[in-house]
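This is work-v4.tsv. It holds TSV, C-alpha atoms.
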chain	number	residue	atom	x	y	z
A	1	MET	CA	146.95	96.88	9.82
A	2	HIS	CA	147.95	98.53	6.55
A	3	GLU	CA	150.11	95.44	5.96
A	4	LEU	CA	147.07	93.91	4.26
A	5	SER	CA	146.87	96.67	1.68
A	6	ILE	CA	150.64	96.55	1.21
A	7	ALA	CA	150.53	92.76	0.79
A	8	GLU	CA	147.83	93.18	-1.89
A	9	ASN	CA	150.10	95.55	-3.80
A	10	VAL	CA	153.08	93.17	-3.49
A	11	PHE	CA	150.85	90.30	-4.68
A	12	GLU	CA	149.81	92.29	-7.77
A	13	ILE	CA	153.33	93.41	-8.68
A	14	ALA	CA	154.84	89.94	-8.17
A	15	GLY	CA	151.92	88.31	-10.00
A	16	GLU	CA	152.32	90.54	-13.05
A	17	SER	CA	156.00	89.69	-13.23
A	18	LEU	CA	155.35	85.97	-12.78
A	19	ILE	CA	152.96	85.97	-15.74
A	20	ILE	CA	155.19	88.10	-18.01
A	21	ASN	CA	158.13	85.77	-17.31
A	22	ARG	CA	155.97	82.65	-17.76
A	23	GLY	CA	156.85	81.44	-14.29
A	24	LYS	CA	155.13	78.36	-12.87
A	25	LYS	CA	155.67	79.14	-9.23
A	26	LEU	CA	156.76	82.06	-7.13
A	27	ARG	CA	159.53	81.14	-4.66
A	28	SER	CA	160.30	84.44	-3.00
A	29	VAL	CA	159.88	88.19	-3.19
A	30	LYS	CA	162.66	90.52	-2.06
A	31	ILE	CA	161.31	93.76	-0.59
A	32	LYS	CA	163.16	96.81	0.70
A	33	VAL	CA	161.42	98.22	3.77
A	34	GLY	CA	162.61	101.50	5.26
A	35	GLU	CA	162.62	102.03	9.00
A	36	LEU	CA	160.14	104.86	8.52
A	37	ALA	CA	157.69	102.76	6.47
A	38	GLY	CA	156.00	101.42	9.60
A	39	VAL	CA	155.70	97.88	8.29
A	40	VAL	CA	155.81	94.78	10.52
A	41	PRO	CA	157.55	92.02	8.48
A	42	GLU	CA	155.71	89.14	10.22
A	43	SER	CA	152.32	90.73	9.52
A	44	LEU	CA	153.25	91.35	5.91
A	45	GLN	CA	154.20	87.68	5.41
A	46	PHE	CA	150.99	86.56	7.14
A	47	CYS	CA	148.81	88.80	4.96
A	48	PHE	CA	150.65	87.82	1.77
A	49	THR	CA	150.24	84.09	2.45
A	50	ALA	CA	146.53	84.59	3.18
A	51	ILE	CA	145.98	86.50	-0.07
A	52	ALA	CA	148.08	84.08	-2.16
A	53	LYS	CA	146.38	80.91	-0.90
A	54	GLY	CA	145.40	78.62	-3.78
A	55	THR	CA	147.61	80.44	-6.31
A	56	ALA	CA	151.08	79.81	-7.76
A	57	MET	CA	152.37	82.31	-5.21
A	58	GLU	CA	151.11	80.68	-2.02
A	59	ASP	CA	154.45	79.23	-0.89
A	60	ALA	CA	156.43	82.40	-1.57
A	61	LYS	CA	158.65	83.75	1.20
A	62	LEU	CA	158.99	87.46	1.59
A	63	LYS	CA	162.64	88.36	2.03
A	64	ILE	CA	162.65	91.70	3.74
A	65	GLU	CA	165.69	93.92	3.58
A	66	LYS	CA	165.45	96.56	6.28
A	67	MET	CA	166.73	99.96	5.24
A	68	PRO	CA	168.13	102.24	7.95
A	69	ILE	CA	167.45	105.96	8.11
A	70	ILE	CA	170.19	107.87	6.29
A	71	VAL	CA	170.29	111.65	6.34
A	72	HIS	CA	172.18	114.07	4.13
A	73	CYS	CA	173.56	117.08	6.01
A	74	PHE	CA	173.20	120.39	4.18
A	75	ASP	CA	176.03	121.87	6.25
A	76	CYS	CA	178.91	119.41	5.96
A	77	GLY	CA	177.52	117.49	2.99
A	78	LYS	CA	177.98	114.09	4.63
A	79	ASP	CA	175.48	111.21	4.48
A	80	SER	CA	175.10	109.35	7.79
A	81	THR	CA	172.98	106.60	9.28
A	82	VAL	CA	171.01	107.78	12.30
A	83	GLY	CA	169.43	105.75	15.09
A	84	ASN	CA	166.58	106.48	17.47
A	85	PHE	CA	164.86	108.72	14.95
A	86	ILE	CA	167.11	111.65	15.80
A	87	PHE	CA	167.03	113.59	12.59
A	88	GLN	CA	170.29	115.47	12.78
A	89	CYS	CA	173.79	115.09	11.40
A	90	PRO	CA	175.78	112.91	13.85
A	91	GLY	CA	178.94	114.81	12.90
A	92	CYS	CA	177.97	118.46	13.26
A	93	GLU	CA	174.63	117.99	15.13
A	94	ASN	CA	172.91	120.09	12.50
A	95	PRO	CA	169.14	119.43	12.17
A	96	ASN	CA	169.16	120.85	8.65
A	97	VAL	CA	169.15	117.42	7.02
A	98	GLU	CA	167.25	115.58	4.34
A	99	VAL	CA	166.18	111.94	4.73
A	100	ILE	CA	167.67	110.14	1.73
A	101	SER	CA	166.89	106.59	2.87
A	102	GLY	CA	164.40	105.05	5.31
A	103	ASN	CA	161.09	105.59	3.53
A	104	GLU	CA	161.58	102.70	1.07
A	105	LEU	CA	158.81	100.27	0.28
A	106	GLN	CA	159.93	98.57	-2.89
A	107	VAL	CA	159.73	95.20	-4.58
A	108	VAL	CA	163.30	94.48	-5.65
A	109	GLU	CA	163.19	91.04	-7.28
A	110	ILE	CA	161.38	87.74	-7.39
A	111	GLU	CA	162.59	84.17	-7.58
A	112	ILE	CA	160.49	81.96	-9.82
A	113	ASP	CA	160.32	78.42	-11.19
A	114	VAL	CA	160.12	78.49	-14.97
B	1	MET	CA	164.74	78.67	-10.98
B	2	ALA	CA	165.21	82.23	-12.19
B	3	ILE	CA	165.63	85.60	-10.55
B	4	VAL	CA	163.72	88.52	-12.07
B	5	THR	CA	164.65	92.09	-11.16
B	6	ILE	CA	161.63	94.30	-10.60
B	7	GLU	CA	162.53	97.50	-8.68
B	8	ARG	CA	158.97	98.83	-8.38
B	9	LYS	CA	157.50	100.86	-5.55
B	10	VAL	CA	154.94	98.81	-3.63
B	11	LEU	CA	152.54	101.76	-3.48
B	12	GLU	CA	153.17	102.94	-7.06
B	13	LYS	CA	149.46	102.71	-7.94
B	14	ASN	CA	148.53	104.87	-4.99
B	15	ASP	CA	151.26	107.37	-5.85
B	16	GLU	CA	150.03	107.55	-9.44
B	17	LEU	CA	146.45	108.25	-8.35
B	18	ALA	CA	147.70	110.79	-5.79
B	19	GLU	CA	149.45	112.67	-8.62
B	20	GLN	CA	146.19	112.66	-10.61
B	21	ASN	CA	144.42	114.11	-7.57
B	22	ARG	CA	147.14	116.73	-7.18
B	23	GLU	CA	146.64	117.75	-10.81
B	24	LEU	CA	142.87	118.09	-10.23
B	25	PHE	CA	143.47	120.25	-7.15
B	26	ARG	CA	145.95	122.38	-9.07
B	27	LYS	CA	143.44	122.98	-11.88
B	28	SER	CA	140.73	124.09	-9.48
B	29	ALA	CA	143.25	126.10	-7.38
B	30	THR	CA	142.16	124.19	-4.27
B	31	PHE	CA	144.54	124.03	-1.30
B	32	VAL	CA	144.26	120.56	0.21
B	33	ILE	CA	145.24	119.45	3.69
B	34	ASN	CA	145.33	115.90	5.01
B	35	LEU	CA	144.34	116.05	8.67
B	36	VAL	CA	145.83	113.19	10.69
B	37	SER	CA	146.04	112.20	14.37
B	38	SER	CA	145.30	109.40	16.79
B	39	PRO	CA	141.58	108.80	17.55
B	40	GLY	CA	140.01	111.37	19.85
B	41	SER	CA	142.61	114.11	19.61
B	42	GLY	CA	140.06	116.53	18.22
B	43	LYS	CA	140.38	116.54	14.41
B	44	THR	CA	136.68	117.07	13.83
B	45	SER	CA	136.42	119.71	16.58
B	46	LEU	CA	139.37	121.55	15.03
B	47	LEU	CA	137.68	121.32	11.65
B	48	GLU	CA	134.43	122.75	13.05
B	49	LYS	CA	136.28	125.66	14.66
B	50	THR	CA	138.34	126.27	11.50
B	51	ILE	CA	135.22	126.34	9.30
B	52	GLU	CA	133.53	128.76	11.72
B	53	SER	CA	136.57	131.00	11.68
B	54	LEU	CA	136.98	131.03	7.88
B	55	LYS	CA	133.30	131.11	6.93
B	56	GLY	CA	132.47	133.95	4.53
B	57	LYS	CA	136.16	134.42	3.68
B	58	ILE	CA	136.75	131.31	1.56
B	59	LYS	CA	134.82	128.34	0.21
B	60	ILE	CA	135.59	125.10	2.07
B	61	ALA	CA	134.77	121.47	1.28
B	62	VAL	CA	135.39	118.43	3.44
B	63	ILE	CA	136.09	114.72	2.94
B	64	GLU	CA	135.54	112.72	6.13
B	65	GLY	CA	137.24	109.36	6.59
B	66	ASP	CA	136.12	106.93	9.26
B	67	VAL	CA	136.16	103.22	9.86
B	68	GLN	CA	132.41	103.31	10.49
B	69	THR	CA	129.45	105.78	10.67
B	70	ASP	CA	128.78	109.15	9.07
B	71	LEU	CA	128.67	110.93	12.44
B	72	ASP	CA	131.52	113.28	11.51
B	73	ALA	CA	129.94	114.22	8.17
B	74	GLN	CA	126.72	115.05	10.05
B	75	ARG	CA	128.68	117.32	12.40
B	76	VAL	CA	130.39	119.13	9.53
B	77	ALA	CA	127.23	119.38	7.37
B	78	LYS	CA	125.67	121.59	10.07
B	79	PHE	CA	128.09	124.30	8.96
B	80	ASP	CA	126.58	124.23	5.49
B	81	VAL	CA	129.73	123.13	3.65
B	82	PRO	CA	129.87	120.36	1.03
B	83	VAL	CA	130.98	117.13	2.71
B	84	VAL	CA	131.51	113.56	1.53
B	85	GLN	CA	131.82	110.76	4.08
B	86	LEU	CA	134.13	107.85	3.29
B	87	VAL	CA	133.61	104.71	5.35
B	88	THR	CA	136.58	102.36	5.15
B	89	ASN	CA	134.79	99.38	6.77
B	90	GLY	CA	137.76	98.44	8.89
B	91	GLY	CA	140.46	99.97	6.70
B	92	CYS	CA	142.97	101.86	8.82
B	93	HIS	CA	143.76	104.70	6.40
B	94	LEU	CA	142.46	106.61	3.39
B	95	ASP	CA	144.17	106.04	0.06
B	96	ALA	CA	144.33	108.09	-3.13
B	97	LYS	CA	141.66	105.97	-4.85
B	98	LEU	CA	139.10	106.57	-2.08
B	99	VAL	CA	139.84	110.30	-2.21
B	100	GLN	CA	139.49	110.32	-5.99
B	101	ASP	CA	136.05	108.70	-5.67
B	102	ALA	CA	135.05	111.24	-3.02
B	103	VAL	CA	136.31	114.15	-5.13
B	104	SER	CA	134.15	112.98	-8.06
B	105	ARG	CA	131.15	113.56	-5.79
B	106	LEU	CA	132.24	117.13	-4.98
B	107	GLU	CA	132.14	120.25	-7.13
B	108	LEU	CA	135.72	121.49	-6.74
B	109	ASP	CA	135.37	124.63	-8.87
B	110	GLY	CA	135.53	127.65	-6.60
B	111	VAL	CA	136.57	125.60	-3.55
B	112	ASN	CA	139.60	127.31	-2.00
B	113	LEU	CA	140.24	124.79	0.76
B	114	LEU	CA	139.59	121.06	0.87
B	115	VAL	CA	140.14	119.34	4.20
B	116	ILE	CA	140.54	115.56	4.13
B	117	GLU	CA	140.05	114.22	7.63
B	118	ASN	CA	141.87	110.90	7.72
B	119	VAL	CA	141.04	107.86	9.85
B	120	GLY	CA	142.27	108.33	13.44
B	121	ASN	CA	145.62	106.50	13.31
B	122	LEU	CA	149.19	107.74	13.66
B	123	VAL	CA	150.80	104.85	11.76
B	124	CYS	CA	149.17	103.81	8.51
B	125	PRO	CA	148.08	107.15	6.97
B	126	ALA	CA	151.73	108.31	7.02
B	127	GLY	CA	152.64	106.19	3.98
B	128	TYR	CA	149.68	107.01	1.73
B	129	ASP	CA	149.93	110.14	-0.39
B	130	LEU	CA	146.43	111.44	-1.16
B	131	GLY	CA	147.54	114.28	-3.43
B	132	GLU	CA	147.40	116.84	-0.60
B	133	ALA	CA	149.56	119.95	-0.34
B	134	MET	CA	150.47	119.09	3.25
B	135	LYS	CA	149.75	116.87	6.20
B	136	VAL	CA	148.55	118.56	9.37
B	137	VAL	CA	149.02	116.43	12.47
B	138	VAL	CA	146.97	117.03	15.61
B	139	ALA	CA	148.38	115.93	18.98
B	140	SER	CA	146.32	116.60	22.07
B	141	THR	CA	147.74	117.23	25.53
B	142	THR	CA	145.77	114.27	26.94
B	143	GLU	CA	147.90	111.91	24.84
B	144	GLY	CA	151.07	112.96	26.67
B	145	ASP	CA	154.22	114.64	25.42
B	146	ASP	CA	155.97	111.60	23.90
B	147	LYS	CA	153.73	110.95	20.87
B	148	PRO	CA	156.18	112.43	18.33
B	149	LEU	CA	158.90	110.05	19.51
B	150	LYS	CA	156.57	107.04	19.34
B	151	TYR	CA	155.23	107.84	15.87
B	152	PRO	CA	158.17	109.55	14.15
B	153	ALA	CA	157.15	108.86	10.55
B	154	MET	CA	153.90	110.80	10.89
B	155	PHE	CA	155.52	113.81	12.55
B	156	ARG	CA	158.40	113.74	10.07
B	157	ASN	CA	155.99	113.75	7.10
B	158	ALA	CA	153.74	116.53	8.43
B	159	SER	CA	154.19	120.25	7.80
B	160	VAL	CA	152.06	121.51	10.67
B	161	LEU	CA	151.57	120.37	14.26
B	162	ILE	CA	148.45	121.48	16.09
B	163	ILE	CA	148.61	120.91	19.83
B	164	ASN	CA	144.99	120.67	20.94
B	165	LYS	CA	143.31	120.73	24.38
B	166	ILE	CA	145.78	123.20	25.88
B	167	ASP	CA	143.02	124.30	28.30
B	168	LEU	CA	143.48	120.93	30.05
B	169	LEU	CA	147.21	121.39	30.74
B	170	PRO	CA	146.77	122.29	34.44
B	171	TYR	CA	145.15	118.88	35.05
B	172	LEU	CA	147.59	116.70	33.10
B	173	ASN	CA	151.11	115.32	33.31
B	174	CYS	CA	151.84	116.67	29.89
B	175	ASN	CA	154.81	119.02	29.53
B	176	LEU	CA	154.05	121.37	26.64
B	177	ALA	CA	157.68	122.43	26.18
B	178	GLU	CA	158.73	118.77	26.08
B	179	LEU	CA	156.01	117.92	23.53
B	180	LYS	CA	157.21	120.73	21.25
B	181	LYS	CA	160.86	119.78	21.74
B	182	ASN	CA	160.12	116.15	20.86
B	183	ALA	CA	158.18	117.15	17.74
B	184	LEU	CA	160.85	119.58	16.54
B	185	GLN	CA	163.57	116.99	17.13
B	186	ILE	CA	161.77	114.72	14.67
B	187	ASN	CA	160.95	117.57	12.29
B	188	PRO	CA	162.51	121.03	12.80
B	189	ASN	CA	160.42	122.48	9.95
B	190	LEU	CA	157.03	121.93	11.66
B	191	ALA	CA	154.85	125.02	12.06
B	192	VAL	CA	153.39	124.64	15.55
B	193	PHE	CA	150.04	126.00	16.82
B	194	GLU	CA	148.68	125.63	20.34
B	195	VAL	CA	144.90	125.58	20.42
B	196	SER	CA	141.88	124.71	22.48
B	197	CYS	CA	138.75	123.83	20.56
B	198	THR	CA	136.78	124.25	23.79
B	199	THR	CA	137.85	127.81	24.65
B	200	GLY	CA	138.71	128.83	21.08
B	201	SER	CA	142.21	129.85	22.08
B	202	GLY	CA	144.73	129.79	19.21
B	203	ILE	CA	142.10	129.06	16.54
B	204	LYS	CA	142.43	132.51	14.98
B	205	GLU	CA	146.23	132.20	14.58
B	206	TRP	CA	145.87	128.79	12.94
B	207	SER	CA	142.97	129.90	10.69
B	208	ASP	CA	144.81	133.05	9.58
B	209	TRP	CA	147.88	130.96	8.75
B	210	LEU	CA	145.75	128.53	6.73
B	211	PHE	CA	143.82	131.37	5.03
B	212	ALA	CA	147.11	132.88	3.85
B	213	ARG	CA	147.87	129.62	2.02
B	214	THR	CA	144.61	129.38	0.06
Go through the file and emit its structure as structure tokens.
Amino acid sequence: MHELSIAENVFEIAGESLIINRGKKLRSVKIKVGELAGVVPESLQFCFTAIAKGTAMEDAKLKIEKMPIIVHCFDCGKDSTVGNFIFQCPGCENPNVEVISGNELQVVEIEIDV
Amino acid sequence: MAIVTIERKVLEKNDELAEQNRELFRKSATFVINLVSSPGSGKTSLLEKTIESLKGKIKIAVIEGDVQTDLDAQRVAKFDVPVVQLVTNGGCHLDAKLVQDAVSRLELDGVNLLVIENVGNLVCPAGYDLGEAMKVVVASTTEGDDKPLKYPAMFRNASVLIINKIDLLPYLNCNLAELKKNALQINPNLAVFEVSCTTGSGIKEWSDWLFART
């Protein structure tokens, strides 16, 4: 249940931005969530709504953009999306790869009423 | 209606505090490991055996993380090492702030090795940097050989895999070769140790490896 702690962080980041931009109401928050971040979108929305209750952010929808795992192969230099958590280059089957996407947990943008 | 671009990491505060911790550890030349596993795989037993094995060679301190009780801190305190117990009261992982608070209650000067025993959980602690040098994941043979495939993020983020309870292999449906293959498929760079905290087998190899890093 680390979605609660993640929701608290999203609430803080979105809240700061809402105040700075003199927004009256928060409509939505766009979040990038990597496949390796271990976050359940439904739980995150549930926790966020619970935290935001009674504030200008209570009706906000979390728009979650799932980010696939992409690895960079040190052998052939290609970047490829991998499924099933098989961390190797799909082209040359080399395990000498670096994960360049899939760990994301990032607030991208918010939609507000001004 | 307006759209405001933010582009901020959700856990940026944690990451910032983790960097502060890392700087503290660097100043005191303390090697820090974040010990993670599912509940009951033997983190505390491994810690007890490791302390026994390294006692007199280096100075060790411990931060214990649990959802409730200070039972683990009591176990470790018997070995006469400084220990701070963190109780998360339901929280499923330690974060950098909790560790920073615990560190302020420890005298780090002269401590060569700090072991942070995380809350037993293979999901949530994977995403929270504590400022450690590396994550050490413990998987016990009683959990079966498919744990790395079920919890890839944790095994991908760890540097060391300790396979515990190898003395029980004759009684279990756990295939050791399969367990290692699964783990190395997720993370080919894992250093793997096979140990039994009951018989003491493999503890010396692991302790020597750890000692060489302090």
Write out as JSON, numbers by chain the residues lying within 10 Å of region 175-191 of chain B, counting all atoms listed in the file and excluding same-chain residues fewer than 3 positions away.
{"A": [84, 85, 86, 87, 88, 95, 96, 97], "B": [136, 137, 139, 140, 141, 144, 145, 146, 147, 148, 149, 150, 151, 152, 153, 154, 155, 156, 157, 158, 159, 160, 161, 162, 163, 166, 169, 170, 172, 194, 206, 209]}
Distance filter 10 Å, all atoms listed in the file, chain A against chain B, as an MDAnalysis selection string:
chainID A and resid 1:14 17:18 21 23:33 35:39 84:88 95:97 99 102:114
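If you look at CA of Val119 (chain B) and CA of Glu64 (chain B), they are 8.2 Å away from each other.
Interatomic distance, CA of Gly65 (chain B) to CA of Ile116 (chain B): 7.4 Å.
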Between CA of Val138 (chain B) and CA of Glu48 (chain B), what is the spacing in Å?
14.0 Å
For Lys43 (chain B), please output as an mmCIF file with C-alpha atoms, in the coordinates of the input all residues within 8 Å (counting only C-alpha atoms; exclusion window: fewer than 4 positions along the same chain).
data_model
loop_
_atom_site.group_PDB
_atom_site.id
_atom_site.type_symbol
_atom_site.label_atom_id
_atom_site.label_comp_id
_atom_site.auth_asym_id
_atom_site.auth_seq_id
_atom_site.Cartn_x
_atom_site.Cartn_y
_atom_site.Cartn_z
ATOM 1 C CA LEU B 35 144.340 116.050 8.670
ATOM 2 C CA VAL B 36 145.830 113.190 10.690
ATOM 3 C CA SER B 37 146.040 112.200 14.370
ATOM 4 C CA LEU B 47 137.680 121.320 11.650
ATOM 5 C CA GLU B 117 140.050 114.220 7.630
ATOM 6 C CA VAL B 138 146.970 117.030 15.610
#
Among A:Asn94, A:Cys47, A:Cys89, A:Gly54, Ile69 (chain A) is approached most closely, using only C-alpha atoms, by A:Cys89
Long-range neighbours of Gly110 (chain B) as JSON, numbers by chain, 12 Å cut-off, only C-alpha atoms, 4 positions minimum in chain
{"B": [25, 26, 27, 28, 29, 30, 31, 58, 59, 60, 61, 82, 106, 114, 214]}
Since the input is missing atoms, can you rebuild N, CA and C atoms for region 79-90 of chain B and write them as a short mmCIF file (atom, residue, chain, number, x, y, z; two decimals), in the coordinates of the input?
data_model
loop_
_atom_site.label_atom_id
_atom_site.label_comp_id
_atom_site.auth_asym_id
_atom_site.auth_seq_id
_atom_site.Cartn_x
_atom_site.Cartn_y
_atom_site.Cartn_z
N PHE B 79 127.47 123.01 9.28
CA PHE B 79 128.09 124.30 8.96
C PHE B 79 127.84 124.68 7.50
N ASP B 80 126.98 123.90 6.85
CA ASP B 80 126.58 124.23 5.49
C ASP B 80 127.75 124.25 4.52
N VAL B 81 128.66 123.29 4.64
CA VAL B 81 129.73 123.13 3.65
C VAL B 81 129.56 121.77 2.97
N PRO B 82 129.97 121.66 1.70
CA PRO B 82 129.87 120.36 1.03
C PRO B 82 130.75 119.33 1.73
N VAL B 83 130.21 118.16 2.01
CA VAL B 83 130.98 117.13 2.71
C VAL B 83 130.65 115.75 2.14
N VAL B 84 131.69 114.96 1.96
CA VAL B 84 131.51 113.56 1.53
C VAL B 84 132.09 112.67 2.62
N GLN B 85 131.33 111.69 3.07
CA GLN B 85 131.82 110.76 4.08
C GLN B 85 132.36 109.50 3.40
N LEU B 86 133.58 109.13 3.74
CA LEU B 86 134.13 107.85 3.29
C LEU B 86 134.13 106.90 4.48
N VAL B 87 133.58 105.71 4.29
CA VAL B 87 133.61 104.71 5.35
C VAL B 87 134.52 103.58 4.87
N THR B 88 135.59 103.33 5.61
CA THR B 88 136.58 102.36 5.15
C THR B 88 136.23 100.92 5.53
N ASN B 89 135.20 100.72 6.35
CA ASN B 89 134.79 99.38 6.77
C ASN B 89 135.95 98.58 7.35
N GLY B 90 136.66 99.15 8.26
CA GLY B 90 137.76 98.44 8.89
C GLY B 90 139.12 98.89 8.42
#
